[in-house]
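With PDB, C-alpha atoms inside, this is run_1.pdb:
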```
MODEL        1
ATOM      1  CA  MET A 115       0.000   0.000   0.000
ATOM      2  CA  ALA A 116       2.772   2.468   0.856
ATOM      3  CA  GLN A 117       4.213   2.174  -2.682
ATOM      4  CA  MET A 118       0.876   3.265  -4.164
ATOM      5  CA  THR A 119       0.301   6.178  -1.804
ATOM      6  CA  HIS A 120      -0.050   9.576  -3.466
ATOM      7  CA  ILE A 121       1.321  12.551  -1.506
ATOM      8  CA  VAL A 122       0.419  16.202  -2.048
ATOM      9  CA  GLY A 123       1.771  19.138  -0.025
ATOM     10  CA  PRO A 124       2.558  20.868   2.139
ATOM     11  CA  ARG A 125       3.262  23.909  -0.016
ATOM     12  CA  ASP A 126       6.290  24.687   2.154
ATOM     13  CA  PRO A 127       8.020  21.423   3.134
ATOM     14  CA  ASN A 128       9.649  23.236   6.050
ATOM     15  CA  ASN A 129       6.270  24.201   7.499
ATOM     16  CA  HIS A 130       4.377  20.924   7.794
ATOM     17  CA  THR A 131       1.961  21.249  10.716
ATOM     18  CA  HIS A 132      -0.731  18.602  10.056
ATOM     19  CA  THR A 133      -1.472  15.568   7.915
ATOM     20  CA  ILE A 134      -4.774  14.446   6.419
ATOM     21  CA  ILE A 135      -4.941  10.793   5.340
ATOM     22  CA  PHE A 136      -7.842  10.594   2.897
ATOM     23  CA  LEU A 137      -9.188   7.399   1.312
ATOM     24  CA  HIS A 138     -10.819   7.445  -2.130
ATOM     25  CA  GLY A 139     -14.007   5.598  -2.955
ATOM     26  CA  ARG A 140     -14.703   2.319  -4.702
ATOM     27  CA  ASP A 141     -13.598   1.948  -8.340
ATOM     28  CA  SER A 142     -11.265   4.942  -8.044
ATOM     29  CA  GLU A 143      -7.522   5.545  -7.751
ATOM     30  CA  SER A 144      -5.549   7.782  -5.425
ATOM     31  CA  GLU A 145      -3.839  10.206  -7.823
ATOM     32  CA  GLU A 146      -6.860  10.609 -10.089
ATOM     33  CA  PHE A 147      -9.097  11.164  -7.074
ATOM     34  CA  ALA A 148      -6.713  13.712  -5.529
ATOM     35  CA  ASN A 149      -6.514  15.706  -8.765
ATOM     36  CA  GLU A 150     -10.303  15.941  -8.984
ATOM     37  CA  PHE A 151     -10.678  16.573  -5.260
ATOM     38  CA  PHE A 152      -8.379  19.585  -5.417
ATOM     39  CA  GLU A 153     -10.403  21.138  -8.209
ATOM     40  CA  SER A 154     -13.190  21.882  -5.712
ATOM     41  CA  GLU A 155     -13.104  25.448  -4.418
ATOM     42  CA  ALA A 156     -14.171  27.353  -1.323
ATOM     43  CA  SER A 157     -16.138  30.606  -1.490
ATOM     44  CA  ILE A 158     -13.257  32.862  -0.438
ATOM     45  CA  PRO A 159     -10.940  34.573  -1.132
ATOM     46  CA  VAL A 160     -12.709  35.924  -4.209
ATOM     47  CA  ASP A 161     -10.582  36.182  -7.379
ATOM     48  CA  GLN A 162      -7.766  34.133  -5.793
ATOM     49  CA  PRO A 163      -6.921  30.403  -5.729
ATOM     50  CA  ARG A 164      -9.119  28.810  -3.057
ATOM     51  CA  THR A 165      -8.870  25.031  -3.240
ATOM     52  CA  LEU A 166      -8.146  23.003  -0.122
ATOM     53  CA  LEU A 167      -4.469  23.069  -1.101
ATOM     54  CA  ASP A 168      -4.570  26.867  -1.192
ATOM     55  CA  ARG A 169      -6.536  27.274   2.026
ATOM     56  CA  LEU A 170      -4.596  24.637   3.992
ATOM     57  CA  PRO A 171      -1.024  25.176   2.760
ATOM     58  CA  ASN A 172       0.655  23.563   5.791
ATOM     59  CA  VAL A 173      -1.132  20.225   5.387
ATOM     60  CA  ARG A 174       0.438  17.085   3.972
ATOM     61  CA  TRP A 175      -2.300  15.178   2.104
ATOM     62  CA  VAL A 176      -1.836  11.414   1.979
ATOM     63  CA  PHE A 177      -3.965   9.403  -0.463
ATOM     64  CA  PRO A 178      -3.518   5.617  -0.181
ATOM     65  CA  SER A 179      -4.728   3.455  -3.073
ATOM     66  CA  ALA A 180      -7.149   0.583  -2.616
ATOM     67  CA  PRO A 181      -6.101  -2.839  -3.942
ATOM     68  CA  LEU A 182      -7.668  -4.581  -6.911
ATOM     69  CA  LEU A 183     -10.081  -7.152  -5.467
ATOM     70  CA  PRO A 184     -12.540  -9.548  -7.109
ATOM     71  CA  SER A 185     -16.134  -8.334  -7.091
ATOM     72  CA  ALA A 186     -18.642 -11.077  -6.331
ATOM     73  CA  ARG A 187     -21.493  -9.043  -7.799
ATOM     74  CA  PHE A 188     -19.851  -7.828 -10.992
ATOM     75  CA  GLY A 189     -17.635 -10.829 -11.729
ATOM     76  CA  THR A 190     -14.455  -8.788 -12.275
ATOM     77  CA  SER A 191     -11.667  -7.202 -10.279
ATOM     78  CA  MET A 192     -11.971  -3.569  -9.260
ATOM     79  CA  SER A 193     -10.291  -1.028  -7.016
ATOM     80  CA  GLN A 194     -11.992  -1.380  -3.642
ATOM     81  CA  TRP A 195     -11.016  -1.428   0.003
ATOM     82  CA  PHE A 196     -13.216  -4.488   0.478
ATOM     83  CA  ASP A 197     -15.751  -6.342  -1.626
ATOM     84  CA  MET A 198     -19.429  -5.639  -1.000
ATOM     85  CA  TRP A 199     -22.715  -6.397  -2.645
ATOM     86  CA  SER A 200     -24.470  -3.028  -2.394
ATOM     87  CA  VAL A 201     -23.538   0.505  -1.316
ATOM     88  CA  GLU A 202     -27.254   1.308  -1.090
ATOM     89  CA  ASP A 203     -27.640  -1.441   1.523
ATOM     90  CA  PRO A 204     -24.165  -2.075   2.982
ATOM     91  CA  GLU A 205     -25.493  -4.824   5.275
ATOM     92  CA  GLU A 206     -26.517  -7.028   2.343
ATOM     93  CA  GLN A 207     -24.239 -10.099   2.146
ATOM     94  CA  VAL A 208     -21.988  -8.420   4.699
ATOM     95  CA  GLU A 209     -19.798 -11.529   4.907
ATOM     96  CA  LEU A 210     -18.228 -10.480   1.594
ATOM     97  CA  GLN A 211     -16.646  -7.505   3.327
ATOM     98  CA  GLU A 212     -14.775  -9.147   6.177
ATOM     99  CA  GLU A 213     -11.487 -10.345   4.644
ATOM    100  CA  GLY A 214     -10.846  -7.262   2.517
ATOM    101  CA  LYS A 215     -11.825  -4.901   5.276
ATOM    102  CA  ARG A 216      -9.361  -6.377   7.748
ATOM    103  CA  THR A 217      -6.578  -6.371   5.157
ATOM    104  CA  SER A 218      -7.249  -2.733   4.330
ATOM    105  CA  ILE A 219      -7.439  -1.754   8.004
ATOM    106  CA  SER A 220      -3.990  -3.276   8.555
ATOM    107  CA  ALA A 221      -2.631  -1.464   5.500
ATOM    108  CA  ILE A 222      -4.033   1.908   6.615
ATOM    109  CA  LEU A 223      -2.628   1.389  10.104
ATOM    110  CA  ASN A 224       0.782   0.976   8.450
ATOM    111  CA  VAL A 225       0.282   4.254   6.553
ATOM    112  CA  ILE A 226      -0.611   5.961   9.838
ATOM    113  CA  GLN A 227       2.532   4.603  11.494
ATOM    114  CA  GLN A 228       4.663   5.999   8.679
ATOM    115  CA  GLU A 229       3.024   9.417   8.966
ATOM    116  CA  GLU A 230       3.580   9.451  12.729
ATOM    117  CA  LYS A 231       7.299   9.636  11.997
ATOM    118  CA  LEU A 232       6.672  13.152  10.632
ATOM    119  CA  VAL A 233       4.009  14.551  12.979
ATOM    120  CA  PRO A 234       2.380  13.173  16.152
ATOM    121  CA  ARG A 235      -0.974  11.442  15.821
ATOM    122  CA  GLN A 236      -2.816  14.340  17.455
ATOM    123  CA  LYS A 237      -1.935  16.326  14.323
ATOM    124  CA  ILE A 238      -3.251  13.681  11.911
ATOM    125  CA  PHE A 239      -6.788  13.683  10.509
ATOM    126  CA  LEU A 240      -8.277  10.510   9.064
ATOM    127  CA  GLY A 241     -10.922  10.767   6.360
ATOM    128  CA  GLY A 242     -12.367   9.563   3.097
ATOM    129  CA  ILE A 243     -15.293   9.470   0.734
ATOM    130  CA  SER A 244     -17.888   6.700   0.370
ATOM    131  CA  GLN A 245     -16.273   3.266   0.917
ATOM    132  CA  GLY A 246     -13.048   5.107   1.705
ATOM    133  CA  PHE A 247     -14.511   6.702   4.812
ATOM    134  CA  ALA A 248     -16.242   3.471   5.828
ATOM    135  CA  THR A 249     -12.748   1.934   5.797
ATOM    136  CA  ALA A 250     -11.241   4.928   7.605
ATOM    137  CA  LEU A 251     -13.915   4.672  10.293
ATOM    138  CA  ALA A 252     -13.334   0.939  10.722
ATOM    139  CA  THR A 253      -9.604   1.689  11.038
ATOM    140  CA  PHE A 254     -10.350   4.371  13.613
ATOM    141  CA  PHE A 255     -12.356   1.976  15.772
ATOM    142  CA  SER A 256      -9.569  -0.591  15.472
ATOM    143  CA  ASP A 257      -6.835   1.742  16.759
ATOM    144  CA  GLY A 258      -8.142   5.296  16.750
ATOM    145  CA  GLN A 259      -6.803   6.888  19.877
ATOM    146  CA  GLY A 260      -5.369  10.364  19.601
ATOM    147  CA  PHE A 261      -6.390  11.510  16.108
ATOM    148  CA  ALA A 262      -7.015  15.198  15.444
ATOM    149  CA  GLY A 263     -10.347  14.421  13.798
ATOM    150  CA  LEU A 264     -12.357  12.428  11.261
ATOM    151  CA  ILE A 265     -13.635  13.794   7.932
ATOM    152  CA  GLY A 266     -16.247  11.746   6.079
ATOM    153  CA  LEU A 267     -18.074  12.451   2.820
ATOM    154  CA  CYS A 268     -21.030  10.565   1.299
ATOM    155  CA  SER A 269     -20.564   7.480   3.444
ATOM    156  CA  TRP A 270     -22.164   4.979   5.819
ATOM    157  CA  MET A 271     -21.493   3.172   9.078
ATOM    158  CA  PRO A 272     -19.617  -0.110   8.574
ATOM    159  CA  LEU A 273     -21.158  -3.021  10.509
ATOM    160  CA  ASN A 274     -24.223  -0.902  11.204
ATOM    161  CA  ASN A 275     -26.294  -3.841  12.471
ATOM    162  CA  VAL A 276     -23.522  -5.098  14.762
ATOM    163  CA  ILE A 277     -23.232  -1.697  16.426
ATOM    164  CA  ASN A 278     -26.978  -1.376  16.870
ATOM    165  CA  ASP A 279     -27.002  -4.775  18.583
ATOM    166  CA  LEU A 280     -24.144  -3.684  20.858
ATOM    167  CA  LEU A 281     -25.983  -0.494  21.779
ATOM    168  CA  ALA A 282     -29.135  -2.484  22.509
ATOM    169  CA  SER A 283     -27.123  -4.809  24.788
ATOM    170  CA  LYS A 284     -26.506  -1.830  27.103
ATOM    171  CA  ARG A 285     -22.751  -2.227  27.008
ATOM    172  CA  GLU A 286     -21.014   1.043  27.814
ATOM    173  CA  GLY A 287     -17.645   2.765  27.821
ATOM    174  CA  ALA A 288     -14.498   0.698  27.400
ATOM    175  CA  GLU A 289     -16.386  -2.606  27.220
ATOM    176  CA  LEU A 290     -18.508  -1.422  24.298
ATOM    177  CA  LEU A 291     -15.579   0.067  22.397
ATOM    178  CA  ASN A 292     -13.344  -2.960  22.940
ATOM    179  CA  VAL A 293     -16.042  -5.295  21.597
ATOM    180  CA  LEU A 294     -16.459  -2.954  18.649
ATOM    181  CA  GLN A 295     -12.695  -2.899  18.100
ATOM    182  CA  ASN A 296     -12.586  -6.673  17.878
ATOM    183  CA  ALA A 297     -15.515  -6.668  15.459
ATOM    184  CA  TYR A 298     -13.442  -4.650  12.984
ATOM    185  CA  LEU A 299      -9.989  -6.154  13.514
ATOM    186  CA  ARG A 300      -9.560  -9.629  14.994
ATOM    187  CA  PRO A 301      -7.603 -10.523  16.978
ATOM    188  CA  SER A 302      -6.465  -7.403  18.812
ATOM    189  CA  ASP A 303      -4.600  -6.993  22.062
ATOM    190  CA  ARG A 304      -4.702  -3.183  21.900
ATOM    191  CA  LEU A 305      -7.301  -1.951  24.370
ATOM    192  CA  VAL A 306      -8.890   1.351  23.485
ATOM    193  CA  ASP A 307      -9.253   4.332  25.790
ATOM    194  CA  PRO A 308     -12.931   5.357  25.570
ATOM    195  CA  VAL A 309     -12.187   8.959  26.515
ATOM    196  CA  ALA A 310      -9.530   9.300  23.810
ATOM    197  CA  ILE A 311     -11.818   7.700  21.226
ATOM    198  CA  ILE A 312     -15.015   9.610  21.960
ATOM    199  CA  SER A 313     -13.250  12.966  22.281
ATOM    200  CA  THR A 314     -12.263  12.797  18.584
ATOM    201  CA  PRO A 315     -14.232  15.422  16.591
ATOM    202  CA  VAL A 316     -16.164  14.088  13.592
ATOM    203  CA  PHE A 317     -17.150  15.936  10.400
ATOM    204  CA  LEU A 318     -19.728  14.325   8.102
ATOM    205  CA  ALA A 319     -21.139  15.740   4.867
ATOM    206  CA  HIS A 320     -23.742  14.345   2.487
ATOM    207  CA  ALA A 321     -25.811  15.746  -0.383
ATOM    208  CA  ILE A 322     -29.513  15.050  -0.703
ATOM    209  CA  ASP A 323     -29.084  14.290  -4.422
ATOM    210  CA  ASP A 324     -26.420  11.606  -3.865
ATOM    211  CA  GLU A 325     -27.586   8.784  -6.140
ATOM    212  CA  VAL A 326     -24.811   6.370  -5.153
ATOM    213  CA  VAL A 327     -25.006   6.320  -1.347
ATOM    214  CA  PRO A 328     -28.425   7.501  -0.112
ATOM    215  CA  ILE A 329     -28.253  10.325   2.426
ATOM    216  CA  GLN A 330     -30.268   8.124   4.800
ATOM    217  CA  ASN A 331     -27.130   5.958   5.153
ATOM    218  CA  GLY A 332     -25.137   9.024   6.186
ATOM    219  CA  LYS A 333     -27.822  10.052   8.677
ATOM    220  CA  ARG A 334     -27.828   6.578  10.224
ATOM    221  CA  MET A 335     -24.051   6.832  10.634
ATOM    222  CA  ARG A 336     -24.468  10.242  12.277
ATOM    223  CA  ASP A 337     -27.089   8.899  14.675
ATOM    224  CA  ILE A 338     -25.038   5.837  15.641
ATOM    225  CA  LEU A 339     -21.940   7.927  16.322
ATOM    226  CA  ARG A 340     -23.998  10.289  18.466
ATOM    227  CA  ASP A 341     -25.449   7.287  20.324
ATOM    228  CA  LEU A 342     -21.823   6.316  20.996
ATOM    229  CA  ASN A 343     -21.388   9.819  22.510
ATOM    230  CA  PHE A 344     -19.314  11.315  19.704
ATOM    231  CA  SER A 345     -19.642  14.995  18.882
ATOM    232  CA  VAL A 346     -20.653  14.937  15.205
ATOM    233  CA  ASP A 347     -20.642  17.969  12.939
ATOM    234  CA  PHE A 348     -23.132  16.869  10.248
ATOM    235  CA  HIS A 349     -23.731  18.901   7.081
ATOM    236  CA  GLU A 350     -26.548  18.220   4.634
ATOM    237  CA  TYR A 351     -26.541  19.894   1.215
ATOM    238  CA  GLN A 352     -29.243  20.208  -1.428
ATOM    239  CA  ASP A 353     -26.816  19.358  -4.206
ATOM    240  CA  GLY A 354     -23.364  17.973  -4.807
ATOM    241  CA  GLY A 355     -24.184  14.410  -5.758
ATOM    242  CA  HIS A 356     -21.711  11.755  -4.671
ATOM    243  CA  TRP A 357     -18.991  14.325  -4.137
ATOM    244  CA  ILE A 358     -18.023  17.370  -2.117
ATOM    245  CA  ASN A 359     -20.442  20.296  -2.303
ATOM    246  CA  GLU A 360     -19.056  23.553  -3.709
ATOM    247  CA  PRO A 361     -18.435  26.001  -2.256
ATOM    248  CA  ASP A 362     -20.207  25.365   1.063
ATOM    249  CA  GLY A 363     -18.840  21.873   1.584
ATOM    250  CA  VAL A 364     -15.276  23.046   1.058
ATOM    251  CA  ASP A 365     -15.880  25.997   3.404
ATOM    252  CA  ASP A 366     -17.246  23.627   6.045
ATOM    253  CA  ILE A 367     -14.202  21.326   5.884
ATOM    254  CA  ILE A 368     -11.890  24.320   6.310
ATOM    255  CA  ALA A 369     -13.939  25.575   9.267
ATOM    256  CA  PHE A 370     -13.926  22.113  10.894
ATOM    257  CA  PHE A 371     -10.171  21.845  10.426
ATOM    258  CA  ALA A 372      -9.614  25.255  12.030
ATOM    259  CA  LYS A 373     -11.983  24.498  14.911
ATOM    260  CA  SER A 374     -10.371  21.118  15.606
ATOM    261  CA  ILE A 375      -6.900  22.656  15.691
ATOM    262  CA  LEU A 376      -8.067  25.410  18.008
ATOM    263  CA  SER A 377      -9.733  22.985  20.442
ATOM    264  CA  SER A 378      -6.646  20.765  20.539
ATOM    265  CA  THR A 379      -4.470  23.685  21.613
ATOM    266  CA  ASN A 380      -6.771  24.795  24.440
TER
ENDMDL
END
```
What is this structure when it is put down as structure tokens?
Amino acid sequence: MAQMTHIVGPRDPNNHTHTIIFLHGRDSESEEFANEFFESEASIPVDQPRTLLDRLPNVRWVFPSAPLLPSARFGTSMSQWFDMWSVEDPEEQVELQEEGKRTSISAILNVIQQEEKLVPRQKIFLGGISQGFATALATFFSDGQGFAGLIGLCSWMPLNNVINDLLASKREGAELLNVLQNAYLRPSDRLVDPVAIISTPVFLAHAIDDEVVPIQNGKRMRDILRDLNFSVDFHEYQDGGHWINEPDGVDDIIAFFAKSILSSTN
């Protein structure tokens, strides 16, 4: 995975303050995704470059690439973090997801370890779009202590039904999170700190006209994370499709980034 990772920024290599590890969606590729992602612009400054690269010049953007995996539904290999039957209903034939998901979680944990050689984890954001964020979130629950924040676009909650069952079982705190950790990455001897996990700020964004992942999936993810006592900054847009909304969605990511940095220094 490290050999296929696409790196962009920071603009000044001597002024690298934060890193954002961002996972592309299914049937995509890291460099192509990054190029399109950085075409999206914020609302300000008017008449000046205002992409995320321009507005966050001290950030190192890290885009891992998903492996080519066989697709049970389509009968071919495709770029995906794990195989799945349906993004509209991620719980359908969920057993297809297990092997690929655990392999990708391990690979992303390796990327995180490499990035921690440059900046501490509390200065690293973990994010993604669609299946990319579902994978990022699974990675976070596997070993997510100390991140600066999570940024998710057009996505859903992996193992939604498992988490609902855990919540219904009345498990709480460390017990709940450790069971959840093992559900994503077995076996694991790394016990999570519930305070460190739940204190991680979460940004979620979804457009009403997303025809790939219904916004209801994003709202269910929001509700589950809030039931787990996360503070979730959820943004719903009228348009944007299965992508980042312009310019409001870009503005909102920049504002979340600034707010998360400010809170971490207080």
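Proximity ranking of A:Thr133, A:Arg125, A:Asp362, A:Met192 relative to Lys231 in chain A places A:Thr133 first, based on only C-alpha atoms.
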Which one is closest to Glu206 in chain A: A:Leu232, A:Pro272, A:Leu137, A:Ile265? Count all atoms listed in the file. A:Pro272
Option closest in space to Met335 in chain A, from A:Leu170, A:Leu376, A:Leu291, A:Met271 [counting only C-alpha atoms]: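 So, comparing all the options, the nearest one is A:Met271.
One distance worth recording is that between CA of Ala262 in chain A and CA of Asp341 in chain A, which is 20.6 Å.
Remark: for Asn129 in chain A, the closest of the candidate residues A:Ala148, A:Val233, A:Ile222, A:Val160 is A:Val233 (distances computed over only C-alpha atoms).
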Pick from A:Leu166, A:Ile134, A:Met118, A:Leu339 nearest to Asn149 in chain A, counting all atoms listed in the file: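 Between A:Leu166, A:Ile134, A:Met118, A:Leu339, the residue approaching Asn149 in chain A most closely is A:Leu166.
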Evaluate the PyMOL selection byres ((chain A and resi 263) around 8) and record the selected residues as a ChimeraX atom specification, following the chain and residue labels used in the document. /A:238-240,261-262,264-265,314-317,374
Once the PyMOL selection byres ((chain A and resi 158) around 12) has been applied to the shown file, what residues remain in the selection, as a list of chain:residue names?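 Applying the PyMOL selection byres ((chain A and resi 158) around 12) to the structure shown produces A:Glu155, A:Ala156, A:Ser157, A:Pro159, A:Val160, A:Asp161, A:Gln162, A:Pro163, A:Arg164, A:Thr165, A:Leu166, A:Asp168, A:Arg169, A:Glu360, A:Pro361, A:Asp362, A:Val364, A:Asp365, A:Asp366, A:Ile368.
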Considering only C-alpha atoms, return as an NGL selection string whatever protein or nucleic-acid residues lie within 10 Å of His320 in chain A, sequence-local ones (same chain, fewer than 2 positions apart) excluded. :A and (243-244 or 266-269 or 318 or 322-324 or 327-333 or 348-359 or 363)
Write a file of the just-selected residues containing C-alpha atoms, as a CSV table (one decimal), keeping the file's coordinate frame.
```csv
chain,number,residue,atom,x,y,z
A,243,ILE,CA,-15.3,9.5,0.7
A,244,SER,CA,-17.9,6.7,0.4
A,266,GLY,CA,-16.2,11.7,6.1
A,267,LEU,CA,-18.1,12.5,2.8
A,268,CYS,CA,-21.0,10.6,1.3
A,269,SER,CA,-20.6,7.5,3.4
A,318,LEU,CA,-19.7,14.3,8.1
A,322,ILE,CA,-29.5,15.0,-0.7
A,323,ASP,CA,-29.1,14.3,-4.4
A,324,ASP,CA,-26.4,11.6,-3.9
A,327,VAL,CA,-25.0,6.3,-1.3
A,328,PRO,CA,-28.4,7.5,-0.1
A,329,ILE,CA,-28.3,10.3,2.4
A,330,GLN,CA,-30.3,8.1,4.8
A,331,ASN,CA,-27.1,6.0,5.2
A,332,GLY,CA,-25.1,9.0,6.2
A,333,LYS,CA,-27.8,10.1,8.7
A,348,PHE,CA,-23.1,16.9,10.2
A,349,HIS,CA,-23.7,18.9,7.1
A,350,GLU,CA,-26.5,18.2,4.6
A,351,TYR,CA,-26.5,19.9,1.2
A,352,GLN,CA,-29.2,20.2,-1.4
A,353,ASP,CA,-26.8,19.4,-4.2
A,354,GLY,CA,-23.4,18.0,-4.8
A,355,GLY,CA,-24.2,14.4,-5.8
A,356,HIS,CA,-21.7,11.8,-4.7
A,357,TRP,CA,-19.0,14.3,-4.1
A,358,ILE,CA,-18.0,17.4,-2.1
A,359,ASN,CA,-20.4,20.3,-2.3
A,363,GLY,CA,-18.8,21.9,1.6
```
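Computed from the coordinates, the CA of Val225 in chain A to CA of Trp175 in chain A distance equals 12.1 Å.
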Given the choices A:Ala180, A:Ala252, A:Leu167, A:Val276, which gets closest to Glu205 in chain A if the distance is worked out from all atoms listed in the file?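 Of A:Ala180, A:Ala252, A:Leu167, A:Val276, the one nearest Glu205 in chain A is A:Val276, counting all atoms listed in the file.
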Evaluate the PyMOL selection byres ((chain A and resi 213) around 12) here and jot the selected residues down as a ChimeraX atom specification. /A:183-184,195-198,208-212,214-220,298-300
Please produce a file of those selected residues containing C-alpha atoms, as a PDB file, in the frame of the given file.
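That gives us part.pdb:
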```
ATOM      1  CA  LEU A 183     -10.081  -7.152  -5.467  1.00  0.00           C
ATOM      2  CA  PRO A 184     -12.540  -9.548  -7.109  1.00  0.00           C
ATOM      3  CA  TRP A 195     -11.016  -1.428   0.003  1.00  0.00           C
ATOM      4  CA  PHE A 196     -13.216  -4.488   0.478  1.00  0.00           C
ATOM      5  CA  ASP A 197     -15.751  -6.342  -1.626  1.00  0.00           C
ATOM      6  CA  MET A 198     -19.429  -5.639  -1.000  1.00  0.00           C
ATOM      7  CA  VAL A 208     -21.988  -8.420   4.699  1.00  0.00           C
ATOM      8  CA  GLU A 209     -19.798 -11.529   4.907  1.00  0.00           C
ATOM      9  CA  LEU A 210     -18.228 -10.480   1.594  1.00  0.00           C
ATOM     10  CA  GLN A 211     -16.646  -7.505   3.327  1.00  0.00           C
ATOM     11  CA  GLU A 212     -14.775  -9.147   6.177  1.00  0.00           C
ATOM     12  CA  GLY A 214     -10.846  -7.262   2.517  1.00  0.00           C
ATOM     13  CA  LYS A 215     -11.825  -4.901   5.276  1.00  0.00           C
ATOM     14  CA  ARG A 216      -9.361  -6.377   7.748  1.00  0.00           C
ATOM     15  CA  THR A 217      -6.578  -6.371   5.157  1.00  0.00           C
ATOM     16  CA  SER A 218      -7.249  -2.733   4.330  1.00  0.00           C
ATOM     17  CA  ILE A 219      -7.439  -1.754   8.004  1.00  0.00           C
ATOM     18  CA  SER A 220      -3.990  -3.276   8.555  1.00  0.00           C
ATOM     19  CA  TYR A 298     -13.442  -4.650  12.984  1.00  0.00           C
ATOM     20  CA  LEU A 299      -9.989  -6.154  13.514  1.00  0.00           C
ATOM     21  CA  ARG A 300      -9.560  -9.629  14.994  1.00  0.00           C
TER      22      ARG A 300
END
```
Find the axis-aligned box for range 334-347 of chain A, covering all its listed atoms and adding 3 Å on each side, and write its centre and edge lengths in Å to one decimal as AutoDock Vina command-line options.
```
--center_x -23.6 --center_y 11.9 --center_z 16.4 --size_x 14.5 --size_y 18.1 --size_z 18.3
```
Tell me, in Å to one decimal, how far CA of Gly139 in chain A is from CA of Gly246 in chain A. 4.8 Å
Please rebuild range 345-356 of chain A with N, CA, C and O atoms and return the result as a compact mmCIF listing (two decimals), keeping the file's coordinate frame.
```txt
# COMPACT_ATOMS: atom_id res chain seq x y z
N SER A 345 -19.17 13.69 19.33
CA SER A 345 -19.64 15.00 18.88
C SER A 345 -19.51 15.02 17.36
O SER A 345 -18.40 15.00 16.84
N VAL A 346 -20.64 15.05 16.66
CA VAL A 346 -20.65 14.94 15.20
C VAL A 346 -21.13 16.25 14.58
O VAL A 346 -22.21 16.74 14.89
N ASP A 347 -20.32 16.77 13.71
CA ASP A 347 -20.64 17.97 12.94
C ASP A 347 -21.18 17.49 11.59
O ASP A 347 -20.41 17.15 10.70
N PHE A 348 -22.51 17.44 11.44
CA PHE A 348 -23.13 16.87 10.25
C PHE A 348 -23.66 17.97 9.34
O PHE A 348 -24.38 18.87 9.78
N HIS A 349 -23.31 17.89 8.05
CA HIS A 349 -23.73 18.90 7.08
C HIS A 349 -24.50 18.22 5.95
O HIS A 349 -24.01 17.29 5.32
N GLU A 350 -25.69 18.72 5.70
CA GLU A 350 -26.55 18.22 4.63
C GLU A 350 -26.69 19.31 3.57
O GLU A 350 -26.97 20.47 3.89
N TYR A 351 -26.49 18.93 2.31
CA TYR A 351 -26.54 19.89 1.22
C TYR A 351 -27.62 19.49 0.22
O TYR A 351 -27.88 18.31 0.01
N GLN A 352 -28.22 20.47 -0.42
CA GLN A 352 -29.24 20.21 -1.43
C GLN A 352 -28.65 19.53 -2.66
O GLN A 352 -29.30 18.71 -3.29
N ASP A 353 -27.43 19.92 -3.01
CA ASP A 353 -26.82 19.36 -4.21
C ASP A 353 -25.34 19.08 -3.97
O ASP A 353 -24.78 19.46 -2.95
N GLY A 354 -24.76 18.39 -4.92
CA GLY A 354 -23.36 17.97 -4.81
C GLY A 354 -23.17 16.55 -5.26
O GLY A 354 -22.05 16.12 -5.55
N GLY A 355 -24.28 15.79 -5.32
CA GLY A 355 -24.18 14.41 -5.76
C GLY A 355 -23.29 13.59 -4.84
O GLY A 355 -23.21 13.83 -3.64
N HIS A 356 -22.61 12.62 -5.44
CA HIS A 356 -21.71 11.76 -4.67
C HIS A 356 -20.31 12.38 -4.68
O HIS A 356 -19.34 11.82 -5.21
```
